[in-house]
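Listing of input_5.cif; format and content: mmCIF, N, CA and C atoms.
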data_final
loop_
_atom_site.label_atom_id
_atom_site.label_comp_id
_atom_site.auth_asym_id
_atom_site.auth_seq_id
_atom_site.Cartn_x
_atom_site.Cartn_y
_atom_site.Cartn_z
N MET A 1 -14.69 15.43 13.76
CA MET A 1 -13.63 15.61 12.79
C MET A 1 -12.71 14.39 12.75
N GLN A 2 -12.49 13.76 13.90
CA GLN A 2 -11.60 12.61 13.97
C GLN A 2 -12.13 11.46 13.11
N ARG A 3 -13.42 11.29 13.06
CA ARG A 3 -14.03 10.22 12.26
C ARG A 3 -13.78 10.48 10.77
N ARG A 4 -13.89 11.73 10.36
CA ARG A 4 -13.67 12.10 8.97
C ARG A 4 -12.22 11.83 8.56
N GLU A 5 -11.28 12.16 9.44
CA GLU A 5 -9.86 11.91 9.17
C GLU A 5 -9.58 10.41 9.04
N ARG A 6 -10.18 9.61 9.91
CA ARG A 6 -10.00 8.16 9.86
C ARG A 6 -10.57 7.61 8.56
N THR A 7 -11.73 8.09 8.17
CA THR A 7 -12.35 7.63 6.92
C THR A 7 -11.46 7.96 5.73
N ARG A 8 -10.93 9.16 5.69
CA ARG A 8 -10.02 9.56 4.61
C ARG A 8 -8.78 8.66 4.57
N HIS A 9 -8.24 8.40 5.75
CA HIS A 9 -7.06 7.54 5.86
C HIS A 9 -7.35 6.14 5.30
N LEU A 10 -8.47 5.57 5.67
CA LEU A 10 -8.84 4.24 5.19
C LEU A 10 -9.07 4.23 3.67
N ILE A 11 -9.66 5.28 3.15
CA ILE A 11 -9.87 5.38 1.70
C ILE A 11 -8.53 5.45 0.98
N GLU A 12 -7.59 6.22 1.53
CA GLU A 12 -6.26 6.31 0.92
C GLU A 12 -5.55 4.96 0.93
N LEU A 13 -5.68 4.22 2.02
CA LEU A 13 -5.06 2.89 2.09
C LEU A 13 -5.66 1.95 1.06
N GLY A 14 -6.98 2.01 0.89
CA GLY A 14 -7.63 1.22 -0.14
C GLY A 14 -7.14 1.59 -1.53
N GLY A 15 -6.89 2.88 -1.73
CA GLY A 15 -6.34 3.34 -3.01
C GLY A 15 -4.97 2.76 -3.28
N LEU A 16 -4.17 2.59 -2.23
CA LEU A 16 -2.84 1.98 -2.40
C LEU A 16 -2.95 0.52 -2.79
N VAL A 17 -3.92 -0.18 -2.22
CA VAL A 17 -4.15 -1.58 -2.59
C VAL A 17 -4.50 -1.66 -4.07
N GLN A 18 -5.35 -0.75 -4.52
CA GLN A 18 -5.73 -0.69 -5.93
C GLN A 18 -4.53 -0.33 -6.80
N LYS A 19 -3.80 0.71 -6.40
CA LYS A 19 -2.67 1.21 -7.17
C LYS A 19 -1.57 0.15 -7.32
N ALA A 20 -1.39 -0.66 -6.29
CA ALA A 20 -0.37 -1.70 -6.32
C ALA A 20 -0.75 -2.85 -7.25
N GLY A 21 -2.01 -2.91 -7.64
CA GLY A 21 -2.44 -3.95 -8.56
C GLY A 21 -3.03 -5.18 -7.90
N LEU A 22 -3.18 -5.14 -6.57
CA LEU A 22 -3.71 -6.31 -5.87
C LEU A 22 -5.15 -6.62 -6.23
N VAL A 23 -5.93 -5.60 -6.49
CA VAL A 23 -7.34 -5.81 -6.81
C VAL A 23 -7.47 -6.57 -8.12
N ASP A 24 -6.77 -6.11 -9.14
CA ASP A 24 -6.82 -6.78 -10.44
C ASP A 24 -6.17 -8.16 -10.38
N LEU A 25 -5.06 -8.25 -9.68
CA LEU A 25 -4.33 -9.52 -9.60
C LEU A 25 -5.16 -10.61 -8.94
N THR A 26 -5.96 -10.24 -7.96
CA THR A 26 -6.76 -11.22 -7.22
C THR A 26 -8.20 -11.28 -7.70
N ASP A 27 -8.50 -10.57 -8.77
CA ASP A 27 -9.87 -10.51 -9.30
C ASP A 27 -10.84 -10.02 -8.23
N ASP A 28 -10.38 -9.03 -7.45
CA ASP A 28 -11.18 -8.38 -6.40
C ASP A 28 -11.68 -9.37 -5.34
N ASP A 29 -10.89 -10.40 -5.08
CA ASP A 29 -11.24 -11.38 -4.04
C ASP A 29 -10.68 -10.89 -2.71
N ARG A 30 -11.55 -10.41 -1.86
CA ARG A 30 -11.12 -9.79 -0.61
C ARG A 30 -10.43 -10.75 0.34
N ALA A 31 -10.85 -12.01 0.33
CA ALA A 31 -10.19 -13.01 1.18
C ALA A 31 -8.74 -13.20 0.74
N THR A 32 -8.52 -13.21 -0.57
CA THR A 32 -7.16 -13.37 -1.09
C THR A 32 -6.31 -12.15 -0.75
N ILE A 33 -6.86 -10.97 -0.92
CA ILE A 33 -6.13 -9.75 -0.60
C ILE A 33 -5.78 -9.72 0.89
N TYR A 34 -6.74 -10.06 1.72
CA TYR A 34 -6.50 -10.07 3.16
C TYR A 34 -5.43 -11.11 3.52
N GLY A 35 -5.52 -12.28 2.93
CA GLY A 35 -4.53 -13.32 3.17
C GLY A 35 -3.14 -12.88 2.75
N ALA A 36 -3.04 -12.19 1.62
CA ALA A 36 -1.74 -11.70 1.15
C ALA A 36 -1.18 -10.67 2.14
N LEU A 37 -2.02 -9.79 2.62
CA LEU A 37 -1.56 -8.80 3.59
C LEU A 37 -1.12 -9.45 4.90
N LEU A 38 -1.86 -10.47 5.33
CA LEU A 38 -1.46 -11.19 6.54
C LEU A 38 -0.12 -11.89 6.35
N GLU A 39 0.12 -12.41 5.15
CA GLU A 39 1.41 -13.03 4.83
C GLU A 39 2.54 -12.01 4.94
N LEU A 40 2.30 -10.82 4.43
CA LEU A 40 3.32 -9.77 4.52
C LEU A 40 3.62 -9.42 5.97
N VAL A 41 2.59 -9.31 6.78
CA VAL A 41 2.79 -9.00 8.20
C VAL A 41 3.60 -10.10 8.87
N GLY A 42 3.29 -11.35 8.55
CA GLY A 42 4.05 -12.47 9.12
C GLY A 42 5.51 -12.42 8.73
N ARG A 43 5.80 -12.07 7.50
CA ARG A 43 7.19 -11.98 7.05
C ARG A 43 7.94 -10.86 7.77
N VAL A 44 7.29 -9.73 7.94
CA VAL A 44 7.95 -8.60 8.60
C VAL A 44 8.23 -8.90 10.06
N ARG A 45 7.40 -9.71 10.66
CA ARG A 45 7.62 -10.06 12.06
C ARG A 45 8.74 -11.09 12.22
N GLY A 46 9.28 -11.56 11.12
CA GLY A 46 10.39 -12.51 11.16
C GLY A 46 11.71 -11.82 11.49
N ASP A 47 12.79 -12.58 11.35
CA ASP A 47 14.12 -12.09 11.73
C ASP A 47 14.60 -10.90 10.91
N ASP A 48 14.31 -10.87 9.63
CA ASP A 48 14.81 -9.80 8.77
C ASP A 48 13.72 -8.77 8.45
N GLY A 49 12.81 -8.57 9.37
CA GLY A 49 11.68 -7.67 9.15
C GLY A 49 12.09 -6.24 8.90
N GLY A 50 13.08 -5.76 9.61
CA GLY A 50 13.54 -4.38 9.43
C GLY A 50 14.08 -4.15 8.03
N ASP A 51 14.85 -5.12 7.54
CA ASP A 51 15.39 -5.01 6.19
C ASP A 51 14.28 -5.02 5.15
N MET A 52 13.29 -5.86 5.38
CA MET A 52 12.17 -5.96 4.45
C MET A 52 11.38 -4.65 4.41
N LEU A 53 11.14 -4.06 5.56
CA LEU A 53 10.43 -2.79 5.61
C LEU A 53 11.21 -1.69 4.88
N ALA A 54 12.52 -1.68 5.07
CA ALA A 54 13.35 -0.69 4.39
C ALA A 54 13.29 -0.87 2.88
N LEU A 55 13.32 -2.11 2.42
CA LEU A 55 13.23 -2.40 0.99
C LEU A 55 11.88 -1.93 0.44
N TRP A 56 10.80 -2.25 1.13
CA TRP A 56 9.47 -1.85 0.68
C TRP A 56 9.35 -0.33 0.63
N LYS A 57 9.93 0.34 1.62
CA LYS A 57 9.87 1.80 1.66
C LYS A 57 10.59 2.39 0.46
N ARG A 58 11.77 1.87 0.13
CA ARG A 58 12.52 2.37 -1.04
C ARG A 58 11.72 2.15 -2.32
N ARG A 59 11.17 0.96 -2.48
CA ARG A 59 10.38 0.66 -3.67
C ARG A 59 9.17 1.59 -3.78
N GLY A 60 8.50 1.80 -2.68
CA GLY A 60 7.33 2.67 -2.67
C GLY A 60 7.69 4.11 -3.01
N LYS A 61 8.78 4.60 -2.43
CA LYS A 61 9.20 5.97 -2.73
C LYS A 61 9.56 6.12 -4.20
N ARG A 62 10.26 5.12 -4.76
CA ARG A 62 10.61 5.18 -6.19
C ARG A 62 9.35 5.18 -7.05
N ALA A 63 8.38 4.38 -6.69
CA ALA A 63 7.13 4.33 -7.46
C ALA A 63 6.38 5.65 -7.37
N PHE A 64 6.30 6.24 -6.17
CA PHE A 64 5.64 7.54 -6.03
C PHE A 64 6.38 8.60 -6.84
N ASP A 65 7.73 8.59 -6.77
CA ASP A 65 8.52 9.56 -7.51
C ASP A 65 8.32 9.41 -9.02
N ALA A 66 8.31 8.17 -9.49
CA ALA A 66 8.11 7.92 -10.92
C ALA A 66 6.74 8.39 -11.36
N GLU A 67 5.75 8.17 -10.52
CA GLU A 67 4.40 8.63 -10.84
C GLU A 67 4.33 10.15 -10.90
N ALA A 68 4.99 10.81 -9.94
CA ALA A 68 5.00 12.27 -9.93
C ALA A 68 5.72 12.82 -11.15
N GLU A 69 6.81 12.21 -11.55
CA GLU A 69 7.54 12.64 -12.75
C GLU A 69 6.69 12.44 -13.99
N GLY A 70 5.93 11.37 -14.04
CA GLY A 70 5.04 11.12 -15.17
C GLY A 70 3.98 12.19 -15.30
N ARG A 71 3.47 12.66 -14.18
CA ARG A 71 2.46 13.73 -14.20
C ARG A 71 3.07 15.03 -14.67
N GLU A 72 4.31 15.30 -14.22
CA GLU A 72 4.97 16.54 -14.61
C GLU A 72 5.25 16.56 -16.10
N THR A 73 5.60 15.41 -16.65
CA THR A 73 5.89 15.32 -18.08
C THR A 73 4.65 15.60 -18.90
N VAL A 74 3.51 15.08 -18.46
CA VAL A 74 2.25 15.27 -19.18
C VAL A 74 1.76 16.71 -19.05
N ALA A 75 1.97 17.32 -17.89
CA ALA A 75 1.46 18.68 -17.64
C ALA A 75 2.18 19.75 -18.40
#
Could you write out this structure as structure tokens?
Amino acid sequence: MQRRERTRHLIELGGLVQKAGLVDLTDDDRATIYGALLELVGRVRGDDGGDMLALWKRRGKRAFDAEAEGRETVA
């Protein structure tokens, strides 16, 4: 069961990469996507990493909320 949960988790993370637009933006170039993610990790490990994580969390929550509201409007 643990393997199935891990697989689901990885699929969901891939969906976030797609949803964020990285796949289209990079023309599905995996090296570019990986490099971009490594850049983000490097920035977070810097001096203002906590602030950056908080900003990303707020942006992500707003995007999820906006998406959920869009679904409710259509339904």
Quick one: distance from atom N of Asp27 of chain A to atom CA of Leu55 of chain A in Å, one decimal?
25.2 Å
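Distance-wise, atom CA of Lys61 of chain A and atom CA of Glu5 of chain A end up 23.2 Å apart.
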One number please: atom N of Ala68 of chain A to atom N of Leu22 of chain A, in Å, one decimal.
18.2 Å
Put the listed atoms of segment 55-60 of chain A in a box along x, y and z with 4 Å added on every side and give me the centre and edge lengths in Å to one decimal, as AutoDock Vina command-line options.
--center_x 10.3 --center_y 0.9 --center_z -0.7 --size_x 14.0 --size_y 14.5 --size_z 14.2
Picked from segment 6-71 of chain A by DSSP as helix (DSSP H, G or I), as JSON, numbers by chain
{"A": [6, 7, 8, 9, 10, 11, 12, 13, 14, 15, 16, 17, 18, 19, 22, 23, 24, 25, 30, 31, 32, 33, 34, 35, 36, 37, 38, 39, 40, 41, 42, 43, 44, 49, 50, 51, 52, 53, 54, 55, 56, 57, 58, 59, 60, 61, 62, 63, 64, 65, 66, 67, 68, 69, 70, 71]}
Counting only C-alpha atoms, I want the residues whose atoms come within 9 Å of (-5.8, -9.3, -1.4) in the file frame, returned as a ChimeraX atom specification.
/A:17,22-23,25-37
Would you output that residue set with N, CA and C atoms, as a PDB file, in the frame of the given file?
ATOM      1  N   VAL A  17      -3.920  -0.180  -2.220  1.00  0.00           N
ATOM      2  CA  VAL A  17      -4.150  -1.580  -2.590  1.00  0.00           C
ATOM      3  C   VAL A  17      -4.500  -1.660  -4.070  1.00  0.00           C
ATOM      4  N   LEU A  22      -3.180  -5.140  -6.570  1.00  0.00           N
ATOM      5  CA  LEU A  22      -3.710  -6.310  -5.870  1.00  0.00           C
ATOM      6  C   LEU A  22      -5.150  -6.620  -6.230  1.00  0.00           C
ATOM      7  N   VAL A  23      -5.930  -5.600  -6.490  1.00  0.00           N
ATOM      8  CA  VAL A  23      -7.340  -5.810  -6.810  1.00  0.00           C
ATOM      9  C   VAL A  23      -7.470  -6.570  -8.120  1.00  0.00           C
ATOM     10  N   LEU A  25      -5.060  -8.250  -9.680  1.00  0.00           N
ATOM     11  CA  LEU A  25      -4.330  -9.520  -9.600  1.00  0.00           C
ATOM     12  C   LEU A  25      -5.160 -10.610  -8.940  1.00  0.00           C
ATOM     13  N   THR A  26      -5.960 -10.240  -7.960  1.00  0.00           N
ATOM     14  CA  THR A  26      -6.760 -11.220  -7.220  1.00  0.00           C
ATOM     15  C   THR A  26      -8.200 -11.280  -7.700  1.00  0.00           C
ATOM     16  N   ASP A  27      -8.500 -10.570  -8.770  1.00  0.00           N
ATOM     17  CA  ASP A  27      -9.870 -10.510  -9.300  1.00  0.00           C
ATOM     18  C   ASP A  27     -10.840 -10.020  -8.230  1.00  0.00           C
ATOM     19  N   ASP A  28     -10.380  -9.030  -7.450  1.00  0.00           N
ATOM     20  CA  ASP A  28     -11.180  -8.380  -6.400  1.00  0.00           C
ATOM     21  C   ASP A  28     -11.680  -9.370  -5.340  1.00  0.00           C
ATOM     22  N   ASP A  29     -10.890 -10.400  -5.080  1.00  0.00           N
ATOM     23  CA  ASP A  29     -11.240 -11.380  -4.040  1.00  0.00           C
ATOM     24  C   ASP A  29     -10.680 -10.890  -2.710  1.00  0.00           C
ATOM     25  N   ARG A  30     -11.550 -10.410  -1.860  1.00  0.00           N
ATOM     26  CA  ARG A  30     -11.120  -9.790  -0.610  1.00  0.00           C
ATOM     27  C   ARG A  30     -10.430 -10.750   0.340  1.00  0.00           C
ATOM     28  N   ALA A  31     -10.850 -12.010   0.330  1.00  0.00           N
ATOM     29  CA  ALA A  31     -10.190 -13.010   1.180  1.00  0.00           C
ATOM     30  C   ALA A  31      -8.740 -13.200   0.740  1.00  0.00           C
ATOM     31  N   THR A  32      -8.520 -13.210  -0.570  1.00  0.00           N
ATOM     32  CA  THR A  32      -7.160 -13.370  -1.090  1.00  0.00           C
ATOM     33  C   THR A  32      -6.310 -12.150  -0.750  1.00  0.00           C
ATOM     34  N   ILE A  33      -6.860 -10.970  -0.920  1.00  0.00           N
ATOM     35  CA  ILE A  33      -6.130  -9.750  -0.600  1.00  0.00           C
ATOM     36  C   ILE A  33      -5.780  -9.720   0.890  1.00  0.00           C
ATOM     37  N   TYR A  34      -6.740 -10.060   1.720  1.00  0.00           N
ATOM     38  CA  TYR A  34      -6.500 -10.070   3.160  1.00  0.00           C
ATOM     39  C   TYR A  34      -5.430 -11.110   3.520  1.00  0.00           C
ATOM     40  N   GLY A  35      -5.520 -12.280   2.930  1.00  0.00           N
ATOM     41  CA  GLY A  35      -4.530 -13.320   3.170  1.00  0.00           C
ATOM     42  C   GLY A  35      -3.140 -12.880   2.750  1.00  0.00           C
ATOM     43  N   ALA A  36      -3.040 -12.190   1.620  1.00  0.00           N
ATOM     44  CA  ALA A  36      -1.740 -11.700   1.150  1.00  0.00           C
ATOM     45  C   ALA A  36      -1.180 -10.670   2.140  1.00  0.00           C
ATOM     46  N   LEU A  37      -2.020  -9.790   2.620  1.00  0.00           N
ATOM     47  CA  LEU A  37      -1.560  -8.800   3.590  1.00  0.00           C
ATOM     48  C   LEU A  37      -1.120  -9.450   4.900  1.00  0.00           C
TER      49      LEU A  37
END
